[in-house]
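Peer 1: Please read through the structure below; I'll follow up with questions.
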Amino acid sequence: MSTKDLVPSPVGPVDVEQAEAALVERYPRLVRIAYLVLPPSLGRNRRVLTAHALVQRSLPRRRVPGPAVPEPRLAEDAVDPGYAFVRGEVLRQALVAGLPLRRLALPRRAQLPPLLPHVWGLRLFPRVGGADELALDQRLSRLSGPGRAAYVLRGLERQGDAEVLRVLAAAGVEDPESALSEADAVDGADGSDGSDGSDSPDGRGAADGSVGLRGGPATPAASAGGSGGPRPADGSGESPTGRPGSDPGARADDGYGRTDRVGEQGGPRRGAGDGGRRSAGPGPGGPGAGAADGRAGSGPARRDGRADRVGEQGRPGRGGQRDGAGGAGEPTGRGGADGDGTAGPGGSDARRGPGRGVGGCGGAPGPLPGGGAPGSFDPGRRRSGAALLESDEFDPCALQARPTDLIRRRQHARAALVALVALLVCGALLGLPGDGWGRNGAAAPSYARNPAAEAALDPGALKRVAPAVWTGSTRQDFSVWPARGGLVGDGALLRRALAVWARPGASVHSSSTPGTPVGPPMGPPQLLFAGVVDGARVVLLHDGLRAVRYAEPVEGAAGAALDFARTDGADTVGSAALVLSRAAGNVRYLTAPWVAETAVRDLLAPGKAPRPLARDAAGMTDPMPSPALARSCTRWNALQVRDGSGQRLLADLGEPAPARLLWGPPAAPVDATGQEAREAWARTACQLTAVRAHGVRSVNAWRFARQALPEGAGRGTWLCTRAETWRGTGSRTLAQFLVPSPGVPAALAARSEGSPACGVRDPRVLAGVLWQAPGGGWYVLAAGSPDFASLETSGGVKGRSDGPVLAVRAAAGARADLNGVLRDGRRVGALR
């Protein structure tokens, strides 16, 4: 298939009036096309109404542009431009209506139930057909929307493959070839590929003249010129265009007396009743089937009694002969119309012919071949898919009406009436004056009329501490921090910060540490800082329970941030610093007024001296690299501060308040500034990522055991690291094992969350690892705090030892259960 075949042929511009004329004239055909392409899952009632709605809103709003001089058209382009445009719009909307609704996507107009036409209290559906129609409807329901469209274009519109591909591409189908393949599968399933389920003796066509859906109408079996057009000199039955009977000078008959194309432009018609002659040859009505003028004709006689052109309504049907000598007529029993007033068995009045029924959009089809009524099933002959598409089963204009669920409709009407009455009563009660109970009961009105809330949102009511208050205070915490920064007098900035704190909008990026309430302040909070930091206006506030950081960009009004951190019970070290800004991987701190010196210490380099960190007059430090968002653990910078009582180490764990690093037994830890503490933290600092953004107040590491390793490998060290939170719950405990090599990081032996182990209330801890000696042997190593009297392993590895350490030979990948006995006789399991 060439690229040109997938491009709609240019037919010139289309006026609104031209499209309207085509829609009105061929409205029944367009509605039938929409009904067949719509998915059967919609239900017959909604499918009927949707088909009418799609056709009725297919008119263009204005003139459709096109080339002023149309290019030369192919034989299959001989369609009315207005009809071609409206049909394309109907197909496009029907395909869209069959798409599934997506949760996050807005539905398109064709996917919604139609507003007009609409029927209240009735359900409408076409007449019920026979078994053939039911089988075809089931096969069509298994196709996709494009597949049904391809099948309808072939069978109902009599289009060839190239034109079907162009129409589908113009309707927005992404893969027209696949749709054509689906239609091929249905053709093979219903036997409508030109044989109609019963091949002629010579295998050249359908014995009853039925229409095949592939490549145009099928020719009657063993007929000469039976396609309604002149055959070439070689007798091959094909026109120069390669399509059967598609000679530009003559259009092929479809076996029912209709032209090969629906909606062709005006021109001479070749069919019964036009006064012309057909070449000699047996028609599908049997030998002797007469032409319109009484002379023997060769073309197939009209088999359904309908007008020769689709769109003509109410014309009398044709029998075998109209006014000439009597002929043999069709073997179906429809007698010749020779004026004798007789009719064959099952036939209609010879003078009137089997005319159309009255009603519907354009008249229902007349009797089908064989004398049966539309939709009936003739066991002697199986009708083709093309003939079935013309049946009343798929006619959304000839409809039947039934009522909806009357009981449910009555229940819905009563429920709607009760809801309306209740709404009116509630509205009247709410509008009555007085001091009755409102929606919030005895609660005070909203913020603007609540004195406490109004004071909390007033920037003039903010608490501001003088710079020298902390020197004479009996306590040193956030309550004695002075208000600092260059924007402490900016009332508009402070008002915005308080308003966002109380009512953060959808565009505010808000974060909080676990367990921190994020509601408005209970009263006027304390102002700690207001100034410009790294291109943003930053405000730090404290209400006794939380430290709140508000930031907005200097340029623009979008991208405000609000961060909450719980800081209740902060002591001198816990309130030594707060994070002011994080930008480009760096962090800035605002230090307490009692901090005399700040420096940066890399925990992974214990022997390296700390680097001094400068501050400005307001106590804001220079930026320093932060490990909070680092992807690798190549360095771990900590803030070292010195106050009046000593040096402290503070680690940034991604929260507004840094965590304090400690070393020593849980009952008496000290700041991790000594040589032994720094060496231990150098091998365990990377494990701090396990407690990042967890609301951590302090992290303490201590050595609870030393162990002589098997095969003379030296002495191993067991450490316990416990992170305490500001909220008091949710602590995390890590047990780690250190081999004798000082450059090897600690190995994580066990971890637990919420356990009291390794803490002040329960300083005991027991853990084990599977370790490989330098010689290649594998061992289970275990150690407990000094309170353990014995250790024992079971399961995959069995062993026991007296004392707090154990080493048992094991195999690679072995698993064992570990427990120990305390000196008071209690049995304790390993850390989990």
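Simple scheme: letters A, B, ... for chains in structure tokens order, numbers from 1 for residues in each chain, numbers from 1 for ligands in the order shown.
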Write out as a list in words which residues come within 8 Å of Thr513 (chain A) when counting only C-alpha atoms, dropping same-chain ones fewer than 5 positions away.
Peer 2: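 The residues that qualify are Phe564, Ala565, Arg566, Glu655, Ala693, His694 and Gly695 of chain A.
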Peer 1: As JSON, numbers by chain, please: the residues near Val500 (chain A) (cut-off 12 Å, only C-alpha atoms, same-chain neighbours under 4 positions excluded).
Peer 2: {"A": [457, 493, 494, 495, 496, 504, 505, 506, 507, 508, 509, 510, 518, 519, 520, 521, 539, 548, 549, 550, 551, 552, 560, 561, 562, 563]}
Peer 1: Hey, can you spit out that residue selection with N, CA, C and O atoms as a tab-separated table (two decimals), in the first residue's frame?
Peer 2:
chain	number	residue	atom	x	y	z
A	457	LEU	N	-2.19	36.05	64.52
A	457	LEU	CA	-1.92	36.43	63.14
A	457	LEU	C	-1.49	37.88	63.00
A	457	LEU	O	-1.31	38.36	61.88
A	493	LEU	N	5.94	41.04	55.30
A	493	LEU	CA	6.54	39.71	55.25
A	493	LEU	C	6.10	38.88	56.44
A	493	LEU	O	5.74	37.70	56.30
A	494	LEU	N	6.13	39.46	57.63
A	494	LEU	CA	5.73	38.71	58.83
A	494	LEU	C	4.26	38.34	58.78
A	494	LEU	O	3.88	37.24	59.22
A	495	ARG	N	3.42	39.22	58.23
A	495	ARG	CA	2.00	38.89	58.11
A	495	ARG	C	1.79	37.72	57.15
A	495	ARG	O	0.98	36.82	57.43
A	496	ARG	N	2.53	37.71	56.05
A	496	ARG	CA	2.40	36.59	55.12
A	496	ARG	C	2.86	35.29	55.76
A	496	ARG	O	2.25	34.24	55.58
A	504	PRO	N	-1.96	27.26	55.15
A	504	PRO	CA	-1.11	27.05	53.97
A	504	PRO	C	-1.95	26.70	52.75
A	504	PRO	O	-2.84	25.86	52.82
A	505	GLY	N	-1.65	27.37	51.63
A	505	GLY	CA	-2.38	27.11	50.40
A	505	GLY	C	-1.85	25.89	49.66
A	505	GLY	O	-0.87	25.25	50.08
A	506	ALA	N	-2.52	25.61	48.55
A	506	ALA	CA	-2.14	24.42	47.78
A	506	ALA	C	-0.77	24.57	47.13
A	506	ALA	O	-0.11	23.56	46.85
A	507	SER	N	-0.31	25.79	46.89
A	507	SER	CA	0.98	25.99	46.24
A	507	SER	C	2.15	26.01	47.21
A	507	SER	O	3.29	26.14	46.79
A	508	VAL	N	1.91	25.89	48.51
A	508	VAL	CA	2.98	25.94	49.52
A	508	VAL	C	3.58	24.55	49.68
A	508	VAL	O	2.88	23.55	49.84
A	509	HIS	N	4.90	24.48	49.62
A	509	HIS	CA	5.63	23.23	49.86
A	509	HIS	C	5.85	23.09	51.36
A	509	HIS	O	6.68	23.79	51.94
A	510	SER	N	5.10	22.19	51.97
A	510	SER	CA	5.13	22.05	53.43
A	510	SER	C	5.77	20.73	53.82
A	510	SER	O	5.58	19.71	53.14
A	518	VAL	N	0.99	20.45	62.77
A	518	VAL	CA	1.21	21.50	61.77
A	518	VAL	C	0.12	22.56	61.81
A	518	VAL	O	0.01	23.35	60.88
A	519	GLY	N	-0.65	22.62	62.88
A	519	GLY	CA	-1.71	23.60	62.98
A	519	GLY	C	-1.18	24.99	63.29
A	519	GLY	O	0.02	25.22	63.46
A	520	PRO	N	-2.09	25.97	63.35
A	520	PRO	CA	-1.68	27.35	63.64
A	520	PRO	C	-1.19	27.50	65.07
A	520	PRO	O	-1.43	26.64	65.92
A	521	PRO	N	-0.50	28.58	65.38
A	521	PRO	CA	0.00	28.77	66.75
A	521	PRO	C	-1.15	29.01	67.72
A	521	PRO	O	-2.23	29.49	67.37
A	539	VAL	N	11.90	33.50	57.36
A	539	VAL	CA	11.40	33.88	58.68
A	539	VAL	C	11.44	32.64	59.57
A	539	VAL	O	10.91	31.60	59.19
A	548	VAL	N	9.42	26.90	63.36
A	548	VAL	CA	8.77	26.97	62.05
A	548	VAL	C	9.61	27.86	61.16
A	548	VAL	O	9.98	28.98	61.55
A	549	ARG	N	9.90	27.36	59.97
A	549	ARG	CA	10.67	28.11	58.98
A	549	ARG	C	9.79	28.41	57.79
A	549	ARG	O	9.24	27.51	57.15
A	550	TYR	N	9.64	29.69	57.46
A	550	TYR	CA	8.89	30.15	56.29
A	550	TYR	C	9.87	30.78	55.31
A	550	TYR	O	10.72	31.59	55.71
A	551	ALA	N	9.77	30.43	54.04
A	551	ALA	CA	10.66	30.98	53.01
A	551	ALA	C	9.86	31.27	51.76
A	551	ALA	O	8.98	30.48	51.37
A	552	GLU	N	10.16	32.40	51.14
A	552	GLU	CA	9.55	32.77	49.87
A	552	GLU	C	10.62	33.38	48.98
A	552	GLU	O	11.56	34.01	49.47
A	560	ALA	N	6.51	29.25	47.79
A	560	ALA	CA	6.71	29.42	49.22
A	560	ALA	C	6.87	28.05	49.88
A	560	ALA	O	6.30	27.05	49.43
A	561	ALA	N	7.67	28.01	50.97
A	561	ALA	CA	7.93	26.77	51.69
A	561	ALA	C	7.67	26.99	53.16
A	561	ALA	O	7.89	28.08	53.71
A	562	LEU	N	7.19	25.92	53.82
A	562	LEU	CA	6.88	25.97	55.25
A	562	LEU	C	7.36	24.67	55.87
A	562	LEU	O	6.92	23.59	55.47
A	563	ASP	N	8.29	24.76	56.84
A	563	ASP	CA	8.88	23.59	57.48
A	563	ASP	C	8.62	23.64	58.98
A	563	ASP	O	8.82	24.68	59.63
Peer 1: Taking the DSSP assignment computed from this structure's backbone, write out as a PyMOL selection string all residues of region 624-692 of chain A that belong to strand (DSSP E or B).
Peer 2: chain A and resi 624-625+637-643+646-651+659-663+670-671
Peer 1: Pull N, CA, C and O atoms from the residues just selected and write them as a compact mmCIF listing (two decimals), in the first residue's frame.
Peer 2:
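The resulting file, out-v7.txt, is reproduced below:
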# COMPACT_ATOMS: atom_id res chain seq x y z
N MET A 624 28.08 25.56 54.12
CA MET A 624 28.97 24.41 54.25
C MET A 624 28.31 23.22 53.57
O MET A 624 27.08 23.09 53.56
N PRO A 625 29.11 22.31 52.95
CA PRO A 625 28.53 21.13 52.30
C PRO A 625 27.76 20.29 53.30
O PRO A 625 28.24 20.02 54.40
N ASN A 637 30.16 15.94 56.77
CA ASN A 637 30.48 17.16 57.48
C ASN A 637 29.51 17.36 58.64
O ASN A 637 28.29 17.23 58.47
N ALA A 638 30.08 17.70 59.79
CA ALA A 638 29.29 18.02 60.97
C ALA A 638 29.66 19.42 61.44
O ALA A 638 30.79 19.88 61.24
N LEU A 639 28.68 20.09 62.05
CA LEU A 639 28.91 21.42 62.59
C LEU A 639 29.46 21.29 64.02
O LEU A 639 28.82 20.70 64.89
N GLN A 640 30.64 21.82 64.23
CA GLN A 640 31.24 21.81 65.57
C GLN A 640 31.10 23.21 66.16
O GLN A 640 31.56 24.20 65.57
N VAL A 641 30.45 23.30 67.30
CA VAL A 641 30.25 24.59 67.97
C VAL A 641 30.92 24.53 69.35
O VAL A 641 31.03 23.47 69.97
N ARG A 642 31.33 25.69 69.78
CA ARG A 642 31.93 25.81 71.12
C ARG A 642 31.16 26.87 71.89
O ARG A 642 30.98 28.00 71.42
N ASP A 643 30.66 26.46 73.04
CA ASP A 643 29.98 27.40 73.92
C ASP A 643 30.79 27.53 75.21
O ASP A 643 31.97 27.14 75.26
N GLY A 646 32.09 23.81 76.51
CA GLY A 646 32.86 22.85 75.72
C GLY A 646 32.44 22.85 74.26
O GLY A 646 31.72 23.74 73.78
N GLN A 647 32.91 21.81 73.55
CA GLN A 647 32.62 21.66 72.13
C GLN A 647 31.53 20.63 71.90
O GLN A 647 31.43 19.64 72.65
N ARG A 648 30.73 20.89 70.87
CA ARG A 648 29.62 19.97 70.52
C ARG A 648 29.71 19.65 69.03
O ARG A 648 30.23 20.42 68.23
N LEU A 649 29.19 18.48 68.65
CA LEU A 649 29.09 18.08 67.26
C LEU A 649 27.62 17.94 66.89
O LEU A 649 26.86 17.21 67.56
N LEU A 650 27.20 18.64 65.82
CA LEU A 650 25.82 18.63 65.36
C LEU A 650 25.80 18.14 63.91
O LEU A 650 26.59 18.62 63.09
N ALA A 651 24.92 17.21 63.60
CA ALA A 651 24.84 16.62 62.26
C ALA A 651 23.53 17.03 61.59
O ALA A 651 22.46 17.00 62.22
N ALA A 659 20.94 17.24 64.67
CA ALA A 659 20.99 16.23 65.74
C ALA A 659 22.34 16.28 66.43
O ALA A 659 23.39 16.48 65.80
N ARG A 660 22.32 16.05 67.74
CA ARG A 660 23.55 16.05 68.55
C ARG A 660 24.19 14.67 68.51
O ARG A 660 23.50 13.65 68.64
N LEU A 661 25.53 14.61 68.31
CA LEU A 661 26.27 13.35 68.27
C LEU A 661 26.94 13.13 69.60
O LEU A 661 27.66 14.01 70.11
N LEU A 662 26.73 11.91 70.17
CA LEU A 662 27.24 11.57 71.51
C LEU A 662 28.05 10.29 71.42
O LEU A 662 28.02 9.54 70.45
N TRP A 663 28.79 10.03 72.53
CA TRP A 663 29.61 8.82 72.65
C TRP A 663 29.64 8.40 74.12
O TRP A 663 29.85 9.22 75.00
N VAL A 670 28.72 11.45 76.44
CA VAL A 670 29.37 12.75 76.31
C VAL A 670 29.40 13.12 74.84
O VAL A 670 29.14 12.29 73.96
N ASP A 671 29.74 14.38 74.56
CA ASP A 671 29.84 14.80 73.17
C ASP A 671 30.97 14.06 72.47
O ASP A 671 32.05 13.83 73.05
Peer 1: Extract, using only C-alpha atoms, all DNA, RNA and protein residues at most 6 Å from region 567-581 of chain A, discarding same-chain residues fewer than 4 positions from it, and format them as a PyMOL selection string.
Peer 2: chain A and resi 476-478+545-546+587-592+656-657
Peer 1: With N, CA and C atoms kept, could you save the residues just selected as a PDB file, in the first residue's frame?
Peer 2:
ATOM      1  N   GLN A 476      18.826  28.532  79.122  1.00  0.00           N
ATOM      2  CA  GLN A 476      19.333  28.850  77.795  1.00  0.00           C
ATOM      3  C   GLN A 476      18.699  27.898  76.789  1.00  0.00           C
ATOM      4  N   ASP A 477      17.721  28.415  76.066  1.00  0.00           N
ATOM      5  CA  ASP A 477      17.039  27.666  75.014  1.00  0.00           C
ATOM      6  C   ASP A 477      16.471  28.665  74.024  1.00  0.00           C
ATOM      7  N   PHE A 478      15.540  28.219  73.193  1.00  0.00           N
ATOM      8  CA  PHE A 478      15.011  29.106  72.160  1.00  0.00           C
ATOM      9  C   PHE A 478      14.224  30.288  72.735  1.00  0.00           C
ATOM     10  N   LEU A 545       6.681  24.889  71.291  1.00  0.00           N
ATOM     11  CA  LEU A 545       6.629  23.476  70.929  1.00  0.00           C
ATOM     12  C   LEU A 545       7.353  23.205  69.621  1.00  0.00           C
ATOM     13  N   ARG A 546       7.286  24.145  68.676  1.00  0.00           N
ATOM     14  CA  ARG A 546       7.816  23.917  67.336  1.00  0.00           C
ATOM     15  C   ARG A 546       8.671  25.089  66.880  1.00  0.00           C
ATOM     16  N   VAL A 587      24.370  24.064  53.275  1.00  0.00           N
ATOM     17  CA  VAL A 587      23.462  24.400  54.355  1.00  0.00           C
ATOM     18  C   VAL A 587      24.025  25.590  55.135  1.00  0.00           C
ATOM     19  N   ARG A 588      23.139  26.475  55.574  1.00  0.00           N
ATOM     20  CA  ARG A 588      23.498  27.602  56.447  1.00  0.00           C
ATOM     21  C   ARG A 588      22.752  27.437  57.760  1.00  0.00           C
ATOM     22  N   TYR A 589      23.433  27.779  58.864  1.00  0.00           N
ATOM     23  CA  TYR A 589      22.837  27.689  60.190  1.00  0.00           C
ATOM     24  C   TYR A 589      22.709  29.088  60.792  1.00  0.00           C
ATOM     25  N   LEU A 590      21.718  29.224  61.671  1.00  0.00           N
ATOM     26  CA  LEU A 590      21.622  30.372  62.571  1.00  0.00           C
ATOM     27  C   LEU A 590      21.936  29.849  63.965  1.00  0.00           C
ATOM     28  N   THR A 591      23.004  30.350  64.559  1.00  0.00           N
ATOM     29  CA  THR A 591      23.477  29.826  65.841  1.00  0.00           C
ATOM     30  C   THR A 591      22.915  30.652  66.989  1.00  0.00           C
ATOM     31  N   ALA A 592      22.917  30.022  68.156  1.00  0.00           N
ATOM     32  CA  ALA A 592      22.445  30.687  69.373  1.00  0.00           C
ATOM     33  C   ALA A 592      23.403  31.802  69.773  1.00  0.00           C
ATOM     34  N   PRO A 656      14.959  20.909  60.142  1.00  0.00           N
ATOM     35  CA  PRO A 656      15.319  22.259  60.588  1.00  0.00           C
ATOM     36  C   PRO A 656      16.233  22.282  61.802  1.00  0.00           C
ATOM     37  N   ALA A 657      16.160  21.273  62.666  1.00  0.00           N
ATOM     38  CA  ALA A 657      17.010  21.229  63.857  1.00  0.00           C
ATOM     39  C   ALA A 657      18.047  20.126  63.686  1.00  0.00           C
TER      40      ALA A 657
END
Peer 1: Neighbouring residues of Arg127 (chain A) were defined as those with any atom within 10 Å, considering only C-alpha atoms; residues of the same chain fewer than 5 positions away were excluded. Please report them as number ranges by chain.
Peer 2: A: 374-375, 391-401
Peer 1: Between CA of Leu831 (chain A) and CA of Arg751 (chain A), what is the distance, to one decimal in Å?
Peer 2: 6.8 Å
Peer 1: My list of candidates is A:Ala747, A:Arg166, A:Ala617, A:Gly515. Which is closest to Arg727 (chain A) when distances are computed with only C-alpha atoms?
Peer 2: A:Gly515
Peer 1: Rank nothing, just name the residue among A:Ala483, A:Val696, A:Val48, A:Leu38 nearest to Gly147 (chain A), using only C-alpha atoms.
Peer 2: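 The closest residue to Gly147 (chain A) is A:Leu38.
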Peer 1: Report, in Å to a single decimal, how far apart CA of Ser511 (chain A) and CA of Ala614 (chain A) are.
Peer 2: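 We find that CA of Ala614 (chain A) and CA of Ser511 (chain A) lie 28.8 Å from each other.
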